[in-house]
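A.B. asks: Contents are compact mmCIF, C-alpha atoms (C1' of nucleotides); file name model_8.txt:
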```txt
# COMPACT_ATOMS: atom_id res chain seq x y z
CA PRO E 1 -0.27 2.22 -0.08
CA LYS E 2 -0.91 5.23 -2.32
CA ALA E 3 -1.23 3.04 -5.36
CA LEU E 4 -3.32 0.62 -3.37
CA SER E 5 -5.80 3.35 -2.36
CA THR E 6 -6.11 4.54 -5.92
CA CYS E 7 -6.70 1.04 -7.21
CA LEU E 8 -9.20 0.22 -4.49
CA ASN E 9 -11.19 3.34 -5.23
CA LEU E 10 -11.26 2.55 -8.93
CA LEU E 11 -12.30 -1.04 -8.34
CA LEU E 12 -14.97 -0.21 -5.78
CA ASP E 13 -16.35 2.59 -7.93
CA SER E 14 -16.77 0.21 -10.83
CA ASN E 15 -18.27 -2.43 -8.54
CA ARG E 16 -15.41 -4.90 -8.96
CA VAL E 17 -15.64 -5.84 -5.31
CA ASP E 18 -14.23 -9.30 -5.89
CA LEU E 19 -11.04 -7.90 -7.40
CA ALA E 20 -10.77 -5.30 -4.66
CA ARG E 21 -10.90 -8.08 -2.05
CA LYS E 22 -8.10 -10.02 -3.74
CA LEU E 23 -5.98 -6.93 -4.02
CA LEU E 24 -6.47 -6.19 -0.35
CA LEU E 25 -5.60 -9.74 0.71
CA HIS E 26 -2.37 -9.55 -1.22
CA ALA E 27 -1.52 -6.24 0.33
CA LYS E 28 -2.12 -7.56 3.82
CA ARG E 29 0.33 -10.39 3.24
CA ASP E 30 3.00 -8.12 1.86
CA LEU E 31 4.82 -6.52 4.77
CA THR E 32 6.01 -3.60 2.67
CA ARG E 33 2.53 -2.76 1.53
CA LYS E 34 0.52 -2.68 4.74
CA PRO E 35 -2.84 -0.98 4.36
CA ASN E 36 -2.65 2.41 6.02
CA VAL E 37 -5.36 4.72 7.31
CA CYS E 38 -6.41 5.86 3.85
CA VAL E 39 -6.91 2.32 2.66
CA PHE E 40 -9.04 1.51 5.69
CA ASN E 41 -11.00 4.72 5.28
CA ILE E 42 -11.86 3.78 1.72
CA LEU E 43 -13.27 0.50 3.00
CA VAL E 44 -15.26 2.26 5.71
CA LYS E 45 -16.74 4.57 3.12
CA TYR E 46 -17.57 1.69 0.83
CA HIS E 47 -19.56 -0.10 3.53
CA CYS E 48 -21.30 3.11 4.53
CA LYS E 49 -22.34 3.70 0.95
CA ASN E 50 -23.99 0.29 0.97
CA GLY E 51 -25.76 1.11 4.21
CA ASP E 52 -23.81 -1.72 5.83
CA LEU E 53 -22.73 0.12 8.96
CA ASP E 54 -21.99 -3.05 10.88
CA SER E 55 -19.25 -3.91 8.42
CA ALA E 56 -18.01 -0.32 8.57
CA PHE E 57 -17.67 -0.57 12.35
CA GLU E 58 -15.86 -3.89 11.96
CA ILE E 59 -13.27 -2.17 9.79
CA VAL E 60 -12.82 0.45 12.48
CA GLU E 61 -12.22 -2.29 15.05
CA GLU E 62 -9.65 -3.77 12.72
CA MET E 63 -7.97 -0.37 12.53
CA ARG E 64 -7.77 -0.14 16.29
CA ASN E 65 -6.13 -3.54 16.42
CA SER E 66 -3.74 -2.83 13.59
CA GLU E 67 -0.19 -1.65 14.24
CA PHE E 68 -0.23 0.46 11.14
CA SER E 69 -3.31 2.57 11.44
CA TYR E 70 -5.72 4.08 13.85
CA PRO E 71 -9.08 5.77 13.24
CA ASN E 72 -8.55 9.43 12.41
CA LEU E 73 -10.78 12.42 11.67
CA VAL E 74 -11.61 11.14 8.19
CA THR E 75 -12.60 7.75 9.58
CA TYR E 76 -14.97 9.32 12.06
CA SER E 77 -16.45 11.79 9.60
CA THR E 78 -17.08 9.02 7.12
CA LEU E 79 -18.77 6.85 9.73
CA MET E 80 -20.84 9.73 11.04
CA ASP E 81 -21.96 10.54 7.52
CA GLY E 82 -22.94 6.92 6.98
CA LEU E 83 -25.02 6.97 10.14
CA CYS E 84 -26.67 10.28 9.22
CA ARG E 85 -27.58 9.10 5.74
CA ASN E 86 -29.38 6.22 7.38
CA GLY E 87 -31.33 8.53 9.65
CA ARG E 88 -29.19 7.73 12.68
CA VAL E 89 -28.15 11.29 13.54
CA LYS E 90 -28.30 10.67 17.27
CA GLU E 91 -25.74 7.90 16.99
CA ALA E 92 -23.61 10.09 14.75
CA PHE E 93 -23.55 12.69 17.47
CA ASP E 94 -22.64 10.08 20.08
CA LEU E 95 -19.80 9.00 17.83
CA PHE E 96 -18.70 12.61 17.53
CA GLU E 97 -18.45 12.84 21.31
CA GLU E 98 -16.61 9.54 21.45
CA MET E 99 -14.13 10.80 18.88
CA VAL E 100 -13.35 13.84 20.98
CA SER E 101 -13.22 12.16 24.37
CA ARG E 102 -11.78 8.77 23.49
CA ASP E 103 -9.37 9.60 20.70
CA HIS E 104 -8.84 13.31 21.40
CA ILE E 105 -9.47 14.21 17.80
CA VAL E 106 -10.34 17.81 17.01
CA PRO E 107 -13.32 18.09 14.61
CA ASP E 108 -13.07 20.33 11.56
CA PRO E 109 -15.85 22.17 9.66
CA LEU E 110 -16.42 19.13 7.49
CA THR E 111 -17.11 16.93 10.51
CA TYR E 112 -19.69 19.41 11.76
CA ASN E 113 -21.20 19.60 8.30
CA VAL E 114 -21.99 15.92 8.40
CA LEU E 115 -24.19 16.61 11.42
CA ILE E 116 -25.68 19.74 9.88
CA ASN E 117 -26.70 17.74 6.84
CA GLY E 118 -28.00 14.93 8.96
CA PHE E 119 -30.40 17.28 10.68
CA CYS E 120 -31.34 19.03 7.43
CA ARG E 121 -32.16 15.74 5.71
CA GLY E 122 -34.37 14.93 8.66
CA GLY E 123 -36.22 18.20 8.14
CA LYS E 124 -34.77 19.77 11.29
CA PRO E 125 -32.86 22.86 10.16
CA ASP E 126 -33.25 24.35 13.64
CA ARG E 127 -31.05 21.60 14.97
CA ALA E 128 -28.64 22.26 12.13
CA ARG E 129 -28.44 25.87 13.21
CA ASN E 130 -27.63 24.71 16.72
CA VAL E 131 -24.71 22.75 15.32
CA ILE E 132 -23.36 25.92 13.75
CA GLN E 133 -23.67 27.65 17.10
CA PHE E 134 -21.98 24.68 18.72
CA MET E 135 -19.02 24.66 16.35
CA LYS E 136 -18.49 28.37 16.89
CA SER E 137 -18.47 27.84 20.63
CA ASN E 138 -15.77 25.24 20.06
CA GLY E 139 -13.68 27.78 18.19
CA CYS E 140 -14.37 26.27 14.78
CA TYR E 141 -15.45 28.77 12.15
CA PRO E 142 -18.25 27.78 9.78
CA ASN E 143 -17.38 27.83 6.09
CA VAL E 144 -19.55 28.17 2.98
CA TYR E 145 -20.29 24.44 2.99
CA ASN E 146 -21.76 24.70 6.47
CA TYR E 147 -23.93 27.67 5.64
CA SER E 148 -25.01 26.27 2.27
CA ALA E 149 -26.14 23.08 3.92
CA LEU E 150 -28.25 25.14 6.31
CA VAL E 151 -29.66 27.27 3.49
CA ASP E 152 -30.71 24.15 1.64
CA GLY E 153 -32.19 22.61 4.77
CA LEU E 154 -34.29 25.71 5.36
CA CYS E 155 -35.45 25.78 1.73
CA LYS E 156 -36.41 22.13 1.88
CA VAL E 157 -38.87 22.87 4.68
CA GLY E 158 -40.15 25.98 2.93
CA LYS E 159 -38.49 28.56 5.16
CA LEU E 160 -37.39 30.86 2.37
CA GLU E 161 -37.11 33.99 4.48
CA ASP E 162 -34.90 32.24 7.03
CA ALA E 163 -32.77 30.90 4.21
CA LYS E 164 -32.35 34.41 2.83
CA GLY E 165 -31.39 35.50 6.30
CA VAL E 166 -28.59 32.95 6.31
CA LEU E 167 -27.48 34.22 2.91
CA ALA E 168 -27.11 37.66 4.45
CA GLU E 169 -25.32 36.11 7.41
CA ILE E 170 -22.79 34.49 5.06
CA LYS E 171 -21.99 37.82 3.47
CA GLY E 172 -21.85 39.48 6.86
CA SER E 173 -19.29 36.99 8.12
CA GLY E 174 -16.92 37.80 5.29
CA LEU E 175 -17.61 34.62 3.35
CA LYS E 176 -18.78 34.50 -0.26
CA PRO E 177 -21.93 32.53 -1.07
CA ASP E 178 -21.19 30.28 -4.04
CA ALA E 179 -23.24 28.73 -6.84
CA VAL E 180 -24.40 25.93 -4.53
CA THR E 181 -25.73 28.38 -1.97
CA TYR E 182 -27.70 30.33 -4.56
CA THR E 183 -28.90 27.25 -6.39
CA SER E 184 -30.63 25.93 -3.27
CA LEU E 185 -32.66 29.10 -3.09
CA ILE E 186 -33.29 29.17 -6.83
CA ASN E 187 -34.40 25.56 -6.66
CA PHE E 188 -36.98 26.36 -4.01
CA LEU E 189 -38.34 29.27 -6.04
CA CYS E 190 -38.50 27.22 -9.22
CA ARG E 191 -40.36 24.39 -7.53
CA ASN E 192 -42.92 26.85 -6.26
CA GLY E 193 -43.80 28.54 -9.51
CA LYS E 194 -41.65 31.59 -8.88
CA SER E 195 -39.23 31.46 -11.76
CA ASP E 196 -39.38 35.24 -12.02
CA GLU E 197 -37.97 35.60 -8.52
CA ALA E 198 -35.48 32.86 -9.31
CA ILE E 199 -34.19 34.88 -12.23
CA GLU E 200 -33.87 37.92 -10.00
CA LEU E 201 -31.67 35.85 -7.72
CA LEU E 202 -29.65 34.73 -10.73
CA GLU E 203 -28.99 38.39 -11.48
CA GLU E 204 -28.09 39.03 -7.88
CA MET E 205 -25.58 36.21 -7.83
CA LYS E 206 -23.94 37.56 -10.96
CA GLU E 207 -23.73 41.01 -9.37
CA ASN E 208 -22.03 39.39 -6.40
CA GLY E 209 -19.41 37.89 -8.66
CA CYS E 210 -20.73 34.38 -8.50
CA GLN E 211 -20.87 32.36 -11.70
CA ALA E 212 -23.96 30.18 -12.17
CA ASP E 213 -23.13 26.65 -13.24
CA SER E 214 -24.88 23.82 -15.07
CA VAL E 215 -26.88 22.76 -12.02
CA THR E 216 -28.16 26.30 -11.53
CA PHE E 217 -29.36 26.45 -15.12
CA ASN E 218 -30.78 22.95 -15.00
CA VAL E 219 -32.93 24.05 -12.10
CA LEU E 220 -33.92 27.31 -13.77
CA LEU E 221 -34.82 25.64 -17.05
CA GLY E 222 -36.94 23.13 -15.20
CA GLY E 223 -38.77 25.95 -13.44
CA LEU E 224 -39.38 27.90 -16.65
CA CYS E 225 -40.67 24.84 -18.49
CA ARG E 226 -42.96 23.87 -15.64
CA GLU E 227 -44.52 27.30 -15.95
CA GLY E 228 -44.84 26.96 -19.72
CA LYS E 229 -42.29 29.70 -20.37
CA PHE E 230 -40.64 27.83 -23.22
CA GLU E 231 -39.43 30.86 -25.17
CA GLU E 232 -37.59 32.16 -22.12
CA ALA E 233 -36.13 28.72 -21.56
CA LEU E 234 -34.88 28.47 -25.13
CA ASP E 235 -33.45 31.95 -24.86
CA MET E 236 -31.56 30.90 -21.78
CA VAL E 237 -30.20 27.76 -23.41
CA GLU E 238 -28.91 29.76 -26.36
CA LYS E 239 -26.99 32.09 -24.08
CA LEU E 240 -25.29 29.32 -22.12
CA PRO E 241 -22.20 28.84 -24.30
CA GLN E 242 -21.25 32.53 -23.97
CA GLN E 243 -21.19 32.03 -20.23
CA GLY E 244 -19.04 28.97 -20.54
CA VAL E 245 -21.80 26.72 -19.26
CA TYR E 246 -22.52 23.36 -20.84
CA LEU E 247 -25.44 21.26 -19.72
CA ASN E 248 -24.80 17.63 -19.05
C1' A F 1 -4.17 8.08 -2.17
C1' C F 2 -9.29 8.63 2.03
C1' G F 3 -14.44 12.28 4.62
C1' C F 4 -19.16 17.10 3.92
C1' G F 5 -23.39 21.19 0.82
C1' G F 6 -27.33 22.50 -4.63
C1' C F 7 -30.71 19.64 -9.93
C1' U F 8 -31.21 14.24 -11.64
```
Please express the file's structure as structure tokens.
C.D. replies:
Amino acid sequence: PKALSTCLNLLLDSNRVDLARKLLLHAKRDLTRKPNVCVFNILVKYHCKNGDLDSAFEIVEEMRNSEFSYPNLVTYSTLMDGLCRNGRVKEAFDLFEEMVSRDHIVPDPLTYNVLINGFCRGGKPDRARNVIQFMKSNGCYPNVYNYSALVDGLCKVGKLEDAKGVLAEIKGSGLKPDAVTYTSLINFLCRNGKSDEAIELLEEMKENGCQADSVTFNVLLGGLCREGKFEEALDMVEKLPQQGVYLN
RNA sequence: ACGCGGCU
């Protein structure tokens, strides 16, 4: 089943769906190679990626009927993410509750993050904040992914000060903001003609021991160029190799 | 071997 999962992922990633189907049919016939949870989860994810949630739910039904696998936390998180990416956050939350009550599965920070991102994509970071409150009340501690998602959600609706507040909250809770956290803020500044403030943040992240990566610089370079600061941009590009950063 | 956050 391990080899099967790996092969399926490779085939689906390269869009060889026909071959993936054949492979799966063979595996189902072979008693020693029964598809396990991981294999099913890969299929669920594949259908979600195509926005075909009906098929994804069919796979889950198949899992429930199978002797060899049953929906687990990954299955639910994947499905919830598929729903959220299609704007169906309410249903994702219903599914979350079903997961807990019907299958007695305990959500982890990643599961909550799917909901946080669902709300943020919908331009409702306040709801996302409620999810963080909710997970805490369930004894689940938010990680940097959770907070970064919220920071980005706040930036996307222009609430820079609130986003900075969350940055402080991250530090206060003993977590370390990472390049993703900072890049969301830098991105907002760059898109609003504030590359100078963005560069201040870049300095701040360095002081906090956080290494900027290629996405951070991509964003910064875009901001500088948009403001016509081409010399500064070139200067920045020239200094990238010394920082071990290579643009893609 | 399977699920979540930043640019495109």
A.B. asks: Could you list, as a PyMOL selection string, every residue within 10 Å of U8 of chain F, counting all atoms listed in the file and ignoring same-chain residues fewer than 6 positions away?
C.D. replies: chain E and resi 215+218-219
A.B. asks: Can you pull out the residues contacting Ser55 of chain E? Cut-off 9 Å, using only C-alpha atoms (C1' of nucleotides), and skip same-chain residues under 6 positions away; I want them as a PyMOL selection string.
C.D. replies: chain E and resi 44+47-48
A.B. asks: Could you check how far atom CA of Gly244 of chain E sits from atom CA of Gly223 of chain E, in Å to one decimal?
C.D. replies: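 Computing it gives 21.2 Å between the two atoms.
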A.B. asks: Restricting the calculation to only C-alpha atoms (C1' of nucleotides): of E:Leu79, E:Leu25, E:Met236, E:Ile132, which residue gets closest to chain F?
C.D. replies: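 Comparing E:Leu79, E:Leu25, E:Met236, E:Ile132 against chain F, the winner is E:Leu79.
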A.B. asks: Go ahead and compute the interatomic distance for atom CA of Leu160 of chain E and atom CA of Arg85 of chain E, in Å to one decimal.
C.D. replies: 24.1 Å
A.B. asks: Show me a table, sorted first by chain and then by increasing residue number, of the residues of chain E having an atom at most 7 Å from chain F, each with its shortest atom pair and the distance in Å to one decimal, counting all atoms listed in the file and written as CSV.
C.D. replies:
```
residue,atom,partner,partner_atom,distance
E:Lys2,CA,F:A1,C1',4.3
E:Ala3,CA,F:A1,C1',6.6
E:Ser5,CA,F:A1,C1',5.0
E:Thr6,CA,F:A1,C1',5.5
E:Cys38,CA,F:C2,C1',4.4
E:Val39,CA,F:C2,C1',6.8
E:Asn41,CA,F:C2,C1',5.4
E:Ile42,CA,F:C2,C1',5.5
E:Val74,CA,F:G3,C1',4.7
E:Thr75,CA,F:G3,C1',7.0
E:Ser77,CA,F:G3,C1',5.4
E:Thr78,CA,F:G3,C1',4.9
E:Leu110,CA,F:C4,C1',4.9
E:Thr111,CA,F:C4,C1',6.9
E:Asn113,CA,F:C4,C1',5.4
E:Val114,CA,F:C4,C1',5.4
E:Tyr145,CA,F:G5,C1',5.0
E:Asn146,CA,F:G5,C1',6.8
E:Ser148,CA,F:G5,C1',5.5
E:Ala149,CA,F:G5,C1',4.6
E:Val180,CA,F:G6,C1',4.5
E:Thr181,CA,F:G6,C1',6.6
E:Thr183,CA,F:G6,C1',5.3
E:Ser184,CA,F:G6,C1',5.0
E:Val215,CA,F:C7,C1',5.4
E:Asn218,CA,F:C7,C1',6.1
E:Val219,CA,F:C7,C1',5.4
```
A.B. asks: Tell me which protein, DNA and RNA residues are within 9 Å of segment 226-234 of chain E, counting only C-alpha atoms (C1' of nucleotides), leaving out same-chain ones fewer than 6 positions away, and put them as a list in words.
C.D. replies: Cys190, Arg191, Gly193, Lys194, Ser195 and Leu220 of chain E
A.B. asks: Atom CA of Lys164 of chain E to atom CA of Ala92 of chain E: how many Å, to one decimal?
C.D. replies: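 Taking atom CA of Lys164 of chain E as the start and atom CA of Ala92 of chain E as the end point, the length is 28.5 Å.
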A.B. asks: Leaving out Glu161 of chain E and any residue of its chain fewer than 4 positions from it, which residues lie within 12 Å of it when counting only C-alpha atoms (C1' of nucleotides), given as a ChimeraX atom specification?
C.D. replies: /E:151,154-155,157,165-168,185,188-189
A.B. asks: Quick one: residues within 8 Å of Ala20 of chain E, only C-alpha atoms (C1' of nucleotides) counted, chain neighbours fewer than 6 positions away excluded, as number ranges by chain?
C.D. replies: E: 7-8, 11-12
